[in-house]
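I have placed the structure first, in the form of structure tokens, so that the comments after it can refer back to it.
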Amino acid sequence: MRFLRIALLLSTIVAAAAPAAAQQRPYTPARGSAVRTAIMDGIRAGIRDVRGLDRPVVFRVHKLAVLGDWALTMVTPQTPEGARIPEYERELECDREIIALLHRRENGWRLVERDVGPCDYAWRDIFREQGYPAALLEYWENLPSDF
């Protein structure tokens with residue numbers, strides 16, 4: 001009986017000490033939610049240097065996954081009226097989308113990695129090399145896209 005109590009106590013301590021991200025599950029924030037809005041604001045702040053995106057833009061969200069303080073998304077920028085942005089699209093070699101990895105800090109979501117107009121898919125390598133949360137990428141890859 002004493003062994004059982006010790007084992008139970010140890011399992012409780014280990015569970016409490018586990019990192020927060022390991023205890024959470026990835027999810028997709030709902031449209032209009034504060035989390036989703038903050039993530040989109042973080043993307044906007046991180047793409048102002050891209051030709052044609054230094055103005056007000058909104059995003060068509062194709063995929064969005066959040067795990068703890070990490071978010072991975074695929075979006076297409078457009079005007080607030082929902083139109084394409086020719087200055088942006090002229091510069092692209094491949095796709096119109098932006099794939100962005102963000103990390104939440106005290107002052108909000110900040111872009112960590114981005115691929116503007118991706119021609120290939122290197123995110124598995126990036127996640128492995130940089131030690132980003134693999135569960136986030138796995139969830140994101142399995143999300144249906146709204147194309």
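Chain identifiers are assigned as A, B, and so on, following the order in which chains appear in the structure tokens; residues are numbered from 1 within each chain, and ligands are numbered from 1 in order of appearance.
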Practice task
Considering only C-alpha atoms, return as a list in words whatever protein or nucleic-acid residues lie within 10 Å of Thr79 (chain A), sequence-local ones (same chain, fewer than 6 positions apart) excluded.
Solution key: Leu53, Arg55, Pro56, Val57, Val58, Phe59 and Ile85 of chain A
Only N, CA and C atoms, please: the residues just picked out, written as a short mmCIF file (atom, residue, chain, number, x, y, z; two decimals), in the first residue's frame.
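Result file follows (again-v5.cif):
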```cif
data_model
loop_
_atom_site.label_atom_id
_atom_site.label_comp_id
_atom_site.auth_asym_id
_atom_site.auth_seq_id
_atom_site.Cartn_x
_atom_site.Cartn_y
_atom_site.Cartn_z
N LEU A 53 2.40 44.99 -49.21
CA LEU A 53 1.76 44.66 -47.94
C LEU A 53 2.07 45.69 -46.85
N ARG A 55 0.48 48.30 -46.32
CA ARG A 55 -0.79 49.02 -46.23
C ARG A 55 -1.77 48.14 -45.46
N PRO A 56 -2.96 48.62 -45.18
CA PRO A 56 -3.94 47.77 -44.48
C PRO A 56 -4.28 46.52 -45.31
N VAL A 57 -4.13 45.37 -44.68
CA VAL A 57 -4.48 44.10 -45.32
C VAL A 57 -5.29 43.25 -44.35
N VAL A 58 -6.08 42.37 -44.91
CA VAL A 58 -6.77 41.34 -44.14
C VAL A 58 -6.30 40.01 -44.73
N PHE A 59 -6.60 38.94 -44.04
CA PHE A 59 -6.12 37.64 -44.50
C PHE A 59 -7.27 36.67 -44.69
N ILE A 85 -4.14 41.84 -54.27
CA ILE A 85 -3.19 42.96 -54.18
C ILE A 85 -2.15 42.78 -55.29
#
```
Exercise for the section: Might you pull out every residue within 10 Å of Leu143 (chain A), with only C-alpha atoms counted and same-chain residues fewer than 2 positions away left off, and present them as a ChimeraX atom specification? Expected result: /A:27-28,62-65,137-141,145-146
Practice task
From a DSSP pass on the backbone, collect the residues of chain A flagged as alpha helix (DSSP H) and hand them back as a VMD selection string.
Solution key: chain A and resid 2 to 17 20 to 23 34 to 46 86 to 90 123 to 130 134 to 141
Gln78 (chain A) surroundings by only C-alpha atoms, 12 Å radius, close-in-sequence under 3 positions cut, as a CSV table (one decimal) with all heavy atoms, in the first residue's frame:
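In the end it all went to result33.csv:
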```csv
chain,number,residue,atom,x,y,z
A,44,ARG,N,0.6,40.8,-39.7
A,44,ARG,CA,0.6,42.1,-40.3
A,44,ARG,C,1.9,42.8,-39.9
A,44,ARG,O,2.6,43.4,-40.8
A,44,ARG,CB,-0.6,42.9,-39.9
A,44,ARG,CG,-1.8,42.7,-40.7
A,44,ARG,CD,-2.9,43.6,-40.3
A,44,ARG,NE,-4.2,42.9,-40.6
A,44,ARG,CZ,-4.9,42.2,-39.8
A,44,ARG,NH1,-4.5,42.1,-38.5
A,44,ARG,NH2,-6.0,41.6,-40.2
A,52,GLY,N,3.8,45.7,-51.4
A,52,GLY,CA,2.4,45.7,-51.6
A,52,GLY,C,1.7,45.4,-50.3
A,52,GLY,O,0.4,45.5,-50.2
A,53,LEU,N,2.4,45.0,-49.2
A,53,LEU,CA,1.8,44.7,-47.9
A,53,LEU,C,2.1,45.7,-46.9
A,53,LEU,O,1.8,45.4,-45.7
A,53,LEU,CB,2.2,43.3,-47.5
A,53,LEU,CG,1.9,42.1,-48.5
A,53,LEU,CD1,2.3,40.8,-47.9
A,53,LEU,CD2,0.4,42.1,-48.9
A,54,ASP,N,2.6,46.8,-47.3
A,54,ASP,CA,2.9,47.9,-46.3
A,54,ASP,C,1.6,48.9,-46.2
A,54,ASP,O,1.8,50.0,-45.9
A,54,ASP,CB,4.1,48.7,-46.8
A,54,ASP,CG,3.9,49.2,-48.2
A,54,ASP,OD1,3.0,48.8,-48.9
A,54,ASP,OD2,4.8,50.1,-48.6
A,55,ARG,N,0.5,48.3,-46.3
A,55,ARG,CA,-0.8,49.0,-46.2
A,55,ARG,C,-1.8,48.1,-45.5
A,55,ARG,O,-1.5,47.0,-45.2
A,55,ARG,CB,-1.3,49.3,-47.6
A,55,ARG,CG,-1.6,48.0,-48.4
A,55,ARG,CD,-1.7,48.2,-49.8
A,55,ARG,NE,-2.9,47.6,-50.3
A,55,ARG,CZ,-3.3,47.7,-51.6
A,55,ARG,NH1,-2.6,48.4,-52.4
A,55,ARG,NH2,-4.4,47.1,-52.0
A,56,PRO,N,-3.0,48.6,-45.2
A,56,PRO,CA,-3.9,47.8,-44.5
A,56,PRO,C,-4.3,46.5,-45.3
A,56,PRO,O,-4.6,46.6,-46.5
A,56,PRO,CB,-5.2,48.7,-44.3
A,56,PRO,CG,-4.6,50.1,-44.4
A,56,PRO,CD,-3.5,50.0,-45.3
A,57,VAL,N,-4.1,45.4,-44.7
A,57,VAL,CA,-4.5,44.1,-45.3
A,57,VAL,C,-5.3,43.2,-44.4
A,57,VAL,O,-5.2,43.4,-43.1
A,57,VAL,CB,-3.2,43.3,-45.8
A,57,VAL,CG1,-2.5,44.0,-46.8
A,57,VAL,CG2,-2.3,42.9,-44.6
A,58,VAL,N,-6.1,42.4,-44.9
A,58,VAL,CA,-6.8,41.3,-44.1
A,58,VAL,C,-6.3,40.0,-44.7
A,58,VAL,O,-5.7,40.0,-45.8
A,58,VAL,CB,-8.3,41.5,-44.2
A,58,VAL,CG1,-8.8,42.8,-43.5
A,58,VAL,CG2,-8.8,41.4,-45.6
A,59,PHE,N,-6.6,38.9,-44.0
A,59,PHE,CA,-6.1,37.6,-44.5
A,59,PHE,C,-7.3,36.7,-44.7
A,59,PHE,O,-8.2,36.6,-43.9
A,59,PHE,CB,-5.1,37.0,-43.5
A,59,PHE,CG,-3.9,37.9,-43.3
A,59,PHE,CD1,-3.8,38.6,-42.1
A,59,PHE,CD2,-2.9,37.9,-44.2
A,59,PHE,CE1,-2.6,39.4,-41.9
A,59,PHE,CE2,-1.8,38.7,-44.0
A,59,PHE,CZ,-1.7,39.4,-42.9
A,60,ARG,N,-7.2,35.9,-45.8
A,60,ARG,CA,-8.0,34.8,-45.9
A,60,ARG,C,-7.2,33.6,-45.3
A,60,ARG,O,-6.1,33.3,-45.7
A,60,ARG,CB,-8.3,34.5,-47.4
A,60,ARG,CG,-9.1,33.2,-47.6
A,60,ARG,CD,-9.5,33.0,-49.0
A,60,ARG,NE,-10.2,31.7,-49.1
A,60,ARG,CZ,-10.2,31.0,-50.1
A,60,ARG,NH1,-9.7,31.4,-51.3
A,60,ARG,NH2,-10.9,29.8,-50.1
A,61,VAL,N,-7.7,33.1,-44.2
A,61,VAL,CA,-7.0,32.0,-43.5
A,61,VAL,C,-7.3,30.7,-44.1
A,61,VAL,O,-8.5,30.3,-44.1
A,61,VAL,CB,-7.4,32.1,-42.0
A,61,VAL,CG1,-6.7,31.0,-41.2
A,61,VAL,CG2,-7.1,33.5,-41.4
A,75,VAL,N,-2.0,31.9,-44.9
A,75,VAL,CA,-2.9,32.9,-45.2
A,75,VAL,C,-2.7,33.5,-46.6
A,75,VAL,O,-1.6,33.4,-47.1
A,75,VAL,CB,-2.9,34.0,-44.1
A,75,VAL,CG1,-3.3,33.5,-42.7
A,75,VAL,CG2,-1.5,34.7,-44.1
A,81,GLU,N,-11.3,45.1,-48.6
A,81,GLU,CA,-12.6,44.9,-49.4
A,81,GLU,C,-12.6,43.4,-49.9
A,81,GLU,O,-13.6,43.0,-50.6
A,81,GLU,CB,-12.7,45.9,-50.5
A,81,GLU,CG,-12.8,47.3,-50.1
A,81,GLU,CD,-11.5,47.9,-49.7
A,81,GLU,OE1,-10.4,47.6,-50.2
A,81,GLU,OE2,-11.5,48.8,-48.8
A,82,GLY,N,-11.5,42.7,-49.7
A,82,GLY,CA,-11.4,41.3,-50.2
A,82,GLY,C,-10.8,41.1,-51.6
A,82,GLY,O,-10.9,40.1,-52.2
A,83,ALA,N,-10.2,42.2,-52.1
A,83,ALA,CA,-9.6,42.1,-53.5
A,83,ALA,C,-8.2,41.6,-53.4
A,83,ALA,O,-7.5,41.8,-52.4
A,83,ALA,CB,-9.7,43.5,-54.1
A,84,ARG,N,-7.7,41.2,-54.5
A,84,ARG,CA,-6.3,40.8,-54.6
A,84,ARG,C,-5.4,42.0,-54.6
A,84,ARG,O,-5.9,43.1,-54.9
A,84,ARG,CB,-6.1,40.0,-55.9
A,84,ARG,CG,-6.8,38.7,-56.0
A,84,ARG,CD,-6.6,38.1,-57.3
A,84,ARG,NE,-5.8,36.9,-57.1
A,84,ARG,CZ,-5.6,36.0,-58.1
A,84,ARG,NH1,-6.2,36.1,-59.3
A,84,ARG,NH2,-4.9,34.9,-57.8
A,85,ILE,N,-4.1,41.8,-54.3
A,85,ILE,CA,-3.2,43.0,-54.2
A,85,ILE,C,-2.2,42.8,-55.3
A,85,ILE,O,-1.2,42.0,-55.1
A,85,ILE,CB,-2.5,43.0,-52.8
A,85,ILE,CG1,-3.6,43.1,-51.7
A,85,ILE,CG2,-1.5,44.2,-52.7
A,85,ILE,CD1,-3.0,42.9,-50.3
A,86,PRO,N,-2.3,43.5,-56.4
A,86,PRO,CA,-1.5,43.3,-57.6
A,86,PRO,C,0.0,43.5,-57.3
A,86,PRO,O,0.9,42.8,-57.8
A,86,PRO,CB,-2.0,44.3,-58.6
A,86,PRO,CG,-3.4,44.5,-58.2
A,86,PRO,CD,-3.4,44.4,-56.7
A,87,GLU,N,0.3,44.6,-56.5
A,87,GLU,CA,1.7,44.9,-56.3
A,87,GLU,C,2.4,43.7,-55.5
A,87,GLU,O,3.6,43.5,-55.7
A,87,GLU,CB,1.9,46.1,-55.4
A,87,GLU,CG,1.1,47.3,-55.7
A,87,GLU,CD,-0.3,47.4,-55.1
A,87,GLU,OE1,-1.0,46.5,-55.3
A,87,GLU,OE2,-0.6,48.5,-54.6
A,88,TYR,N,1.7,43.1,-54.7
A,88,TYR,CA,2.2,41.9,-53.9
A,88,TYR,C,2.4,40.7,-54.9
A,88,TYR,O,3.4,40.1,-54.9
A,88,TYR,CB,1.3,41.6,-52.8
A,88,TYR,CG,1.4,40.3,-52.2
A,88,TYR,CD1,2.6,40.0,-51.4
A,88,TYR,CD2,0.5,39.3,-52.3
A,88,TYR,CE1,2.8,38.7,-50.8
A,88,TYR,CE2,0.7,38.0,-51.7
A,88,TYR,CZ,1.8,37.7,-51.0
A,88,TYR,OH,2.0,36.5,-50.4
A,89,GLU,N,1.4,40.4,-55.6
A,89,GLU,CA,1.4,39.3,-56.5
A,89,GLU,C,2.4,39.3,-57.6
A,89,GLU,O,2.9,38.3,-58.0
A,89,GLU,CB,-0.1,39.0,-57.0
A,89,GLU,CG,-1.0,38.6,-55.9
A,89,GLU,CD,-2.4,38.2,-56.4
A,89,GLU,OE1,-2.6,38.0,-57.6
A,89,GLU,OE2,-3.3,38.2,-55.5
A,96,ARG,N,0.5,32.6,-53.8
A,96,ARG,CA,0.2,33.8,-53.2
A,96,ARG,C,0.1,33.8,-51.7
A,96,ARG,O,0.1,34.8,-51.0
A,96,ARG,CB,-1.2,34.3,-53.7
A,96,ARG,CG,-1.3,34.5,-55.1
A,96,ARG,CD,-2.7,35.0,-55.6
A,96,ARG,NE,-3.8,34.2,-54.9
A,96,ARG,CZ,-4.9,34.7,-54.5
A,96,ARG,NH1,-5.2,35.9,-54.7
A,96,ARG,NH2,-5.8,33.9,-54.0
A,97,GLU,N,0.2,32.6,-51.1
A,97,GLU,CA,0.0,32.4,-49.7
A,97,GLU,C,1.3,32.8,-48.9
A,97,GLU,O,2.4,32.9,-49.5
A,97,GLU,CB,-0.3,31.0,-49.3
A,97,GLU,CG,-1.6,30.5,-49.8
A,97,GLU,CD,-1.7,30.3,-51.3
A,97,GLU,OE1,-0.7,29.7,-51.8
A,97,GLU,OE2,-2.7,30.7,-51.9
A,98,ILE,N,1.1,33.0,-47.6
A,98,ILE,CA,2.2,33.2,-46.7
A,98,ILE,C,2.0,32.1,-45.6
A,98,ILE,O,0.9,32.0,-45.1
A,98,ILE,CB,2.1,34.6,-46.0
A,98,ILE,CG1,2.3,35.7,-47.1
A,98,ILE,CG2,3.1,34.7,-44.9
A,98,ILE,CD1,2.0,37.1,-46.5
```
Handout entry: Between CA of Leu102 (chain A) and CA of Leu72 (chain A), distance in Å (one decimal)
Key =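 So the answer is 6.4 Å.
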Practice task
Give the strand (DSSP E) residues of chain A, as DSSP finds them on the backbone, and put them as a ChimeraX atom specification.
Solution key: /A:58-67,70-78,98-105,108-116
Output N, CA, C and O atoms for every residue in the selection just made, as a short mmCIF file (atom, residue, chain, number, x, y, z; two decimals), in the first residue's frame.
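The file below, again-v5.cif, is the result:
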```
data_model
loop_
_atom_site.label_atom_id
_atom_site.label_comp_id
_atom_site.auth_asym_id
_atom_site.auth_seq_id
_atom_site.Cartn_x
_atom_site.Cartn_y
_atom_site.Cartn_z
N VAL A 58 -6.08 42.37 -44.91
CA VAL A 58 -6.77 41.34 -44.14
C VAL A 58 -6.30 40.01 -44.73
O VAL A 58 -5.69 39.98 -45.80
N PHE A 59 -6.60 38.94 -44.04
CA PHE A 59 -6.12 37.64 -44.50
C PHE A 59 -7.27 36.67 -44.69
O PHE A 59 -8.17 36.58 -43.87
N ARG A 60 -7.18 35.94 -45.77
CA ARG A 60 -8.01 34.75 -45.93
C ARG A 60 -7.20 33.64 -45.28
O ARG A 60 -6.09 33.34 -45.71
N VAL A 61 -7.74 33.06 -44.23
CA VAL A 61 -7.01 32.04 -43.48
C VAL A 61 -7.35 30.67 -44.06
O VAL A 61 -8.50 30.27 -44.08
N HIS A 62 -6.31 29.99 -44.51
CA HIS A 62 -6.48 28.64 -45.07
C HIS A 62 -6.26 27.58 -44.00
O HIS A 62 -6.95 26.56 -43.99
N LYS A 63 -5.28 27.82 -43.14
CA LYS A 63 -4.98 26.90 -42.04
C LYS A 63 -4.47 27.73 -40.87
O LYS A 63 -3.72 28.69 -41.07
N LEU A 64 -4.83 27.31 -39.66
CA LEU A 64 -4.35 27.98 -38.46
C LEU A 64 -4.33 26.97 -37.32
O LEU A 64 -5.34 26.33 -37.04
N ALA A 65 -3.17 26.85 -36.70
CA ALA A 65 -3.02 25.94 -35.56
C ALA A 65 -2.30 26.68 -34.44
O ALA A 65 -1.37 27.43 -34.68
N VAL A 66 -2.75 26.44 -33.21
CA VAL A 66 -2.14 27.05 -32.03
C VAL A 66 -1.84 25.95 -31.03
O VAL A 66 -2.66 25.06 -30.81
N LEU A 67 -0.65 26.02 -30.45
CA LEU A 67 -0.26 25.11 -29.38
C LEU A 67 0.50 25.93 -28.35
O LEU A 67 1.62 26.38 -28.61
N TRP A 70 2.66 29.04 -29.37
CA TRP A 70 3.08 28.92 -30.77
C TRP A 70 1.87 28.88 -31.68
O TRP A 70 0.84 28.29 -31.34
N ALA A 71 2.00 29.49 -32.86
CA ALA A 71 0.95 29.44 -33.87
C ALA A 71 1.59 29.24 -35.24
O ALA A 71 2.65 29.80 -35.53
N LEU A 72 0.94 28.44 -36.07
CA LEU A 72 1.38 28.21 -37.44
C LEU A 72 0.17 28.41 -38.33
O LEU A 72 -0.91 27.87 -38.06
N THR A 73 0.35 29.21 -39.38
CA THR A 73 -0.79 29.56 -40.22
C THR A 73 -0.40 29.66 -41.69
O THR A 73 0.77 29.90 -42.02
N MET A 74 -1.39 29.46 -42.55
CA MET A 74 -1.24 29.73 -43.98
C MET A 74 -2.36 30.70 -44.34
O MET A 74 -3.54 30.41 -44.10
N VAL A 75 -1.98 31.86 -44.86
CA VAL A 75 -2.94 32.91 -45.17
C VAL A 75 -2.66 33.49 -46.55
O VAL A 75 -1.55 33.37 -47.06
N THR A 76 -3.68 34.12 -47.12
CA THR A 76 -3.51 34.89 -48.34
C THR A 76 -3.89 36.33 -48.03
O THR A 76 -5.02 36.59 -47.59
N PRO A 77 -2.96 37.27 -48.22
CA PRO A 77 -3.30 38.68 -47.96
C PRO A 77 -4.20 39.23 -49.06
O PRO A 77 -4.10 38.85 -50.22
N GLN A 78 -5.10 40.12 -48.65
CA GLN A 78 -5.98 40.79 -49.59
C GLN A 78 -6.33 42.17 -49.03
O GLN A 78 -6.03 42.47 -47.87
N ILE A 98 1.08 33.00 -47.63
CA ILE A 98 2.17 33.21 -46.68
C ILE A 98 2.01 32.14 -45.61
O ILE A 98 0.91 31.97 -45.06
N ILE A 99 3.07 31.42 -45.34
CA ILE A 99 3.08 30.49 -44.22
C ILE A 99 3.89 31.18 -43.14
O ILE A 99 5.01 31.66 -43.39
N ALA A 100 3.32 31.26 -41.93
CA ALA A 100 3.97 32.02 -40.86
C ALA A 100 3.93 31.24 -39.55
O ALA A 100 2.90 30.67 -39.19
N LEU A 101 5.06 31.26 -38.85
CA LEU A 101 5.17 30.70 -37.51
C LEU A 101 5.32 31.87 -36.56
O LEU A 101 6.18 32.74 -36.77
N LEU A 102 4.48 31.91 -35.54
CA LEU A 102 4.52 33.00 -34.57
C LEU A 102 4.70 32.45 -33.17
O LEU A 102 4.32 31.31 -32.87
N HIS A 103 5.28 33.29 -32.31
CA HIS A 103 5.46 32.94 -30.90
C HIS A 103 4.87 34.08 -30.07
O HIS A 103 5.10 35.25 -30.35
N ARG A 104 4.09 33.70 -29.05
CA ARG A 104 3.47 34.71 -28.18
C ARG A 104 4.45 35.10 -27.09
O ARG A 104 5.02 34.26 -26.40
N ARG A 105 4.61 36.41 -26.96
CA ARG A 105 5.46 36.96 -25.91
C ARG A 105 4.61 37.91 -25.08
O ARG A 105 3.42 38.06 -25.31
N GLY A 108 2.66 40.38 -27.16
CA GLY A 108 1.82 39.87 -28.24
C GLY A 108 2.51 38.83 -29.11
O GLY A 108 3.61 38.38 -28.82
N TRP A 109 1.84 38.45 -30.18
CA TRP A 109 2.34 37.44 -31.11
C TRP A 109 3.35 38.08 -32.05
O TRP A 109 3.09 39.13 -32.63
N ARG A 110 4.49 37.42 -32.20
CA ARG A 110 5.57 37.93 -33.07
C ARG A 110 5.97 36.87 -34.08
O ARG A 110 6.09 35.70 -33.74
N LEU A 111 6.19 37.30 -35.31
CA LEU A 111 6.61 36.41 -36.38
C LEU A 111 8.02 35.88 -36.08
O LEU A 111 8.93 36.66 -35.76
N VAL A 112 8.18 34.57 -36.17
CA VAL A 112 9.48 33.93 -35.94
C VAL A 112 10.05 33.45 -37.27
O VAL A 112 11.24 33.60 -37.54
N GLU A 113 9.19 32.86 -38.10
CA GLU A 113 9.58 32.37 -39.43
C GLU A 113 8.45 32.70 -40.38
O GLU A 113 7.29 32.73 -39.99
N ARG A 114 8.80 32.91 -41.64
CA ARG A 114 7.77 33.14 -42.65
C ARG A 114 8.27 32.66 -44.00
O ARG A 114 9.47 32.62 -44.25
N ASP A 115 7.32 32.27 -44.84
CA ASP A 115 7.61 31.91 -46.22
C ASP A 115 6.56 32.62 -47.07
O ASP A 115 5.38 32.27 -47.05
N VAL A 116 6.99 33.65 -47.78
CA VAL A 116 6.10 34.46 -48.60
C VAL A 116 6.11 33.90 -50.02
O VAL A 116 7.17 33.81 -50.64
#
```
Practice task
Could you please determine the separation between CA of Asn107 (chain A) and CA of Gln130 (chain A) in Å, to one decimal place?
Solution key: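 Value for the CA of Asn107 (chain A)-CA of Gln130 (chain A) distance: 22.4 Å.
As for CA of Ile39 (chain A) and CA of Glu129 (chain A), they are spaced 23.6 Å apart.
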